[in-house]
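Visitor: Here you go, one structure.
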Amino acid sequence: MLLNEIKYVIFFDYIKDIRRYLYEIETFLQGQNLFSAIVGVNHISDESDPFSPRLHIIKEIDDKRINIIVSQISITIVVQYKNDYSLEYLDDEEKYIHDIVINIRTYLKTLISEFVICFESFSVIVNKIYTDFDDVTVQEVTENQDESRNITSTEVDDNLFLIEDTSVYKTYKQTQSIIHPILVKNKTDNFIGWNVVLRKEINNRLEYNNTENSNGLLNFDQAINLLNNSLSKGK
């Protein structure tokens, strides 16, 4: 399977005036060599949706793109992989994003006195295209189904949720210019195969729900073990 994306999200107590810290955050990311460009975000008031991005930084690397997105209640670090990135590098990439998270988390605690972590989420997305339908074994699918999806959320050790999202859908080679995706003709002659996409997420939202004095930090080693074990079953 190929590695598509690794994401880490830190959810924190609502900070209405997060905008006042954006320049310092941007400067910090530049110093950490995590800055190539700023993505334009809609200018919205502090009273608007707290999930909406207030800052979006991109760092371009040869084989991947790092997105760092700040809202009033979260900071999201997403590593998106280019071309055919082998899953054999997963362990190194998981550590790579965790090192980034630790640095950003430590900085925000220093910068913002009211920065209080609620819980964290760590997820991995992988995929593989199968040309032979009989090789699709992750879930029951029939050849006449264009798409099939299954999502489960399981409690682990009374403090974690393990979310397993499996999608199987037919994939086609595009031979025409795309004016709008809905107008593209998926012809039988252009059929590539069945794309199997696995998304695995670990978060400690359950601990946040049930514990008054949790520090909000996700146990990274435990999360990696659970994610990798779940991925190995879906290969």
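Here, A, B, ... name the chains of the structure tokens in the order displayed, residue numbers run from 1 inside each chain, and ligands are numbered from 1 in the same displayed order.
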Do a neighbour search on Ser48 in chain A at 12 Å with only C-alpha atoms, toss out local chain neighbours closer than 4 positions, and write the hits as a list in words.
Guide: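 Contacts, in chain order: Lys16, Asp17, Asn42, His43, Ile44, Ser52, Pro53, Arg54, Ser71 and Gln72 of chain A.
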Visitor: I'd like the neighbourhood of Thr27 in chain A as a list in words, where a residue qualifies if any of its atoms comes within 12 Å (using only C-alpha atoms), though same-chain residues fewer than 3 positions away should be ignored.
Guide: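 Contacts, in chain order: Tyr21, Leu22, Tyr23, Glu24, Gln30, Gly31, Gln32, Asn33, Leu34, Phe35, Ser36, Ile38, Ile57, Ile104 and Tyr107 of chain A.
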Visitor: Only N, CA and C atoms, please: the residues just picked out, written as a PDB file, in the first residue's frame.
Guide:
ATOM      1  N   TYR A  21      -1.975  36.251  17.844  1.00  0.00           N
ATOM      2  CA  TYR A  21      -0.744  35.462  17.958  1.00  0.00           C
ATOM      3  C   TYR A  21      -0.239  34.948  16.608  1.00  0.00           C
ATOM      4  N   LEU A  22      -0.954  35.220  15.542  1.00  0.00           N
ATOM      5  CA  LEU A  22      -0.628  34.598  14.262  1.00  0.00           C
ATOM      6  C   LEU A  22       0.735  35.028  13.719  1.00  0.00           C
ATOM      7  N   TYR A  23       1.111  36.281  13.900  1.00  0.00           N
ATOM      8  CA  TYR A  23       2.402  36.734  13.398  1.00  0.00           C
ATOM      9  C   TYR A  23       3.541  35.989  14.098  1.00  0.00           C
ATOM     10  N   GLU A  24       3.428  35.855  15.433  1.00  0.00           N
ATOM     11  CA  GLU A  24       4.459  35.141  16.184  1.00  0.00           C
ATOM     12  C   GLU A  24       4.526  33.673  15.771  1.00  0.00           C
ATOM     13  N   GLN A  30       8.739  29.818  10.455  1.00  0.00           N
ATOM     14  CA  GLN A  30       9.840  30.164   9.561  1.00  0.00           C
ATOM     15  C   GLN A  30      11.173  29.746  10.180  1.00  0.00           C
ATOM     16  N   GLY A  31      11.326  29.989  11.478  1.00  0.00           N
ATOM     17  CA  GLY A  31      12.544  29.611  12.165  1.00  0.00           C
ATOM     18  C   GLY A  31      12.738  28.113  12.260  1.00  0.00           C
ATOM     19  N   GLN A  32      11.639  27.355  12.199  1.00  0.00           N
ATOM     20  CA  GLN A  32      11.691  25.896  12.248  1.00  0.00           C
ATOM     21  C   GLN A  32      11.805  25.272  10.854  1.00  0.00           C
ATOM     22  N   ASN A  33      11.984  26.117   9.839  1.00  0.00           N
ATOM     23  CA  ASN A  33      12.054  25.663   8.443  1.00  0.00           C
ATOM     24  C   ASN A  33      10.767  24.933   8.051  1.00  0.00           C
ATOM     25  N   LEU A  34       9.639  25.477   8.490  1.00  0.00           N
ATOM     26  CA  LEU A  34       8.332  24.904   8.176  1.00  0.00           C
ATOM     27  C   LEU A  34       7.467  25.911   7.422  1.00  0.00           C
ATOM     28  N   PHE A  35       8.105  26.713   6.602  1.00  0.00           N
ATOM     29  CA  PHE A  35       7.373  27.771   5.903  1.00  0.00           C
ATOM     30  C   PHE A  35       7.847  27.879   4.464  1.00  0.00           C
ATOM     31  N   SER A  36       6.889  27.757   3.526  1.00  0.00           N
ATOM     32  CA  SER A  36       7.154  28.082   2.123  1.00  0.00           C
ATOM     33  C   SER A  36       6.223  29.189   1.652  1.00  0.00           C
ATOM     34  N   ILE A  38       2.044  31.221   2.524  1.00  0.00           N
ATOM     35  CA  ILE A  38       0.785  31.348   3.264  1.00  0.00           C
ATOM     36  C   ILE A  38      -0.361  31.129   2.286  1.00  0.00           C
ATOM     37  N   ILE A  57      -0.378  27.695   6.746  1.00  0.00           N
ATOM     38  CA  ILE A  57       0.990  27.729   6.255  1.00  0.00           C
ATOM     39  C   ILE A  57       1.287  26.435   5.499  1.00  0.00           C
ATOM     40  N   ILE A 104       5.833  22.518  18.115  1.00  0.00           N
ATOM     41  CA  ILE A 104       4.739  23.490  18.023  1.00  0.00           C
ATOM     42  C   ILE A 104       3.972  23.555  19.333  1.00  0.00           C
ATOM     43  N   TYR A 107       5.935  25.443  21.930  1.00  0.00           N
ATOM     44  CA  TYR A 107       5.964  26.875  21.644  1.00  0.00           C
ATOM     45  C   TYR A 107       4.644  27.546  22.011  1.00  0.00           C
TER      46      TYR A 107
END
Visitor: Using DSSP on the backbone, list every residue of range 35-152 of chain A that comes out as strand (DSSP E or B), and give them as a ChimeraX atom specification.
Guide: /A:37-38,55-61,64-70,74-81,86,117-130,147-152
Visitor: Please determine, counting only C-alpha atoms, which residue among A:Tyr208, A:Tyr85, A:Tyr169, A:Phe220 has the shortest atom-to-atom distance to Gln139 in chain A.
Guide: A:Tyr169
Visitor: Which one of A:Tyr14, A:Lys200, A:Asp135, A:Lys233 sits closest to Phe51 in chain A if you count only C-alpha atoms?
Guide: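 Answer, going by the shortest atom-to-atom distance: A:Tyr14.
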Visitor: How far is it from CA of Ser121 in chain A to CA of Tyr8 in chain A, in Å with one decimal?
Guide: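 So the two atoms, CA of Ser121 in chain A and CA of Tyr8 in chain A, lie 5.6 Å apart.
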Visitor: Could you state the separation of CA of Tyr96 in chain A and CA of Arg205 in chain A in Å, given to one decimal place?
Guide: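 Answer for the CA of Tyr96 in chain A to CA of Arg205 in chain A separation: 23.2 Å.
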Visitor: So that I can see what lies close to Asp221 in chain A, please list as a count of residues only the residues with an atom at most 12 Å from it, counting only C-alpha atoms and leaving out residues fewer than 5 positions away in the same chain.
Guide: 9
Visitor: At what distance in Å, to one decimal, does CA of Asn159 in chain A lie from CA of Asn210 in chain A?
Guide: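 We find that CA of Asn210 in chain A and CA of Asn159 in chain A lie 8.1 Å from each other.
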Visitor: Nearest to Ile151 in chain A among A:Asp134, A:Glu201, A:Asp84, A:Asp189, with distances taken over only C-alpha atoms: which residue is it?
Guide: A:Glu201
Visitor: Within 12 Å of Ile15 in chain A, counting only C-alpha atoms, which residues show up once you throw out same-chain ones fewer than 4 positions away? Write them as a list in words, please.
Guide: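 So the residues in contact are Phe11, Arg19, Arg20, Tyr21, Asp46, Glu47, Pro50, Phe51, Arg54, Val70, Ser71, Gln72, Ile73, Ser74, Ile75, Leu108, Ile112, Ser113, Glu114, Phe115, Val116 and Ile117 of chain A.
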Visitor: If you keep N, CA and C atoms, can you produce a file of those selected residues as a short mmCIF file (atom, residue, chain, number, x, y, z; two decimals), in the first residue's frame?
Guide:
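File produced: selection_15.cif:
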data_model
loop_
_atom_site.label_atom_id
_atom_site.label_comp_id
_atom_site.auth_asym_id
_atom_site.auth_seq_id
_atom_site.Cartn_x
_atom_site.Cartn_y
_atom_site.Cartn_z
N PHE A 11 -6.53 19.76 19.79
CA PHE A 11 -7.72 20.54 20.12
C PHE A 11 -7.50 21.20 21.48
N ARG A 19 -6.10 35.41 16.67
CA ARG A 19 -5.51 36.18 15.58
C ARG A 19 -4.33 37.05 16.05
N ARG A 20 -4.34 37.45 17.30
CA ARG A 20 -3.27 38.32 17.80
C ARG A 20 -1.93 37.59 17.89
N TYR A 21 -1.98 36.25 17.84
CA TYR A 21 -0.74 35.46 17.96
C TYR A 21 -0.24 34.95 16.61
N ASP A 46 -13.93 37.41 14.84
CA ASP A 46 -13.63 36.51 15.95
C ASP A 46 -14.88 35.78 16.44
N GLU A 47 -16.05 36.27 16.07
CA GLU A 47 -17.30 35.64 16.49
C GLU A 47 -17.74 34.54 15.53
N PRO A 50 -15.53 28.87 15.08
CA PRO A 50 -14.18 28.67 15.65
C PRO A 50 -13.37 27.62 14.92
N PHE A 51 -14.03 26.74 14.13
CA PHE A 51 -13.31 25.74 13.36
C PHE A 51 -12.66 26.33 12.11
N ARG A 54 -7.75 30.41 10.65
CA ARG A 54 -7.28 31.79 10.76
C ARG A 54 -5.89 31.96 10.18
N VAL A 70 -4.24 26.82 11.66
CA VAL A 70 -4.60 27.28 13.00
C VAL A 70 -6.02 27.82 12.99
N SER A 71 -6.83 27.37 13.94
CA SER A 71 -8.15 27.94 14.16
C SER A 71 -8.23 28.40 15.62
N GLN A 72 -9.42 28.79 16.05
CA GLN A 72 -9.58 29.24 17.44
C GLN A 72 -9.62 28.09 18.44
N ILE A 73 -9.74 26.86 17.95
CA ILE A 73 -9.83 25.71 18.86
C ILE A 73 -8.90 24.56 18.48
N SER A 74 -8.10 24.73 17.44
CA SER A 74 -7.25 23.61 17.03
C SER A 74 -6.07 24.10 16.22
N ILE A 75 -5.03 23.26 16.22
CA ILE A 75 -3.95 23.41 15.26
C ILE A 75 -3.75 22.05 14.61
N LEU A 108 3.52 26.92 21.65
CA LEU A 108 2.23 27.53 21.94
C LEU A 108 1.98 27.65 23.44
N ILE A 112 1.13 31.43 24.55
CA ILE A 112 -0.25 31.76 24.92
C ILE A 112 -0.53 31.23 26.33
N SER A 113 -0.75 32.12 27.26
CA SER A 113 -0.93 31.71 28.66
C SER A 113 -2.19 30.87 28.85
N GLU A 114 -3.21 31.11 28.04
CA GLU A 114 -4.48 30.38 28.18
C GLU A 114 -4.56 29.16 27.27
N PHE A 115 -3.42 28.72 26.75
CA PHE A 115 -3.39 27.54 25.88
C PHE A 115 -3.51 26.28 26.73
N VAL A 116 -4.69 25.63 26.65
CA VAL A 116 -4.97 24.42 27.42
C VAL A 116 -5.45 23.35 26.45
N ILE A 117 -4.71 22.25 26.38
CA ILE A 117 -5.05 21.17 25.46
C ILE A 117 -6.21 20.35 26.01
#
Visitor: Using only C-alpha atoms, which residue out of A:Leu29, A:Phe161, A:Asn67, A:Lys170 lies closest to Glu147 in chain A?
Guide: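 The closest residue to Glu147 in chain A is A:Lys170.
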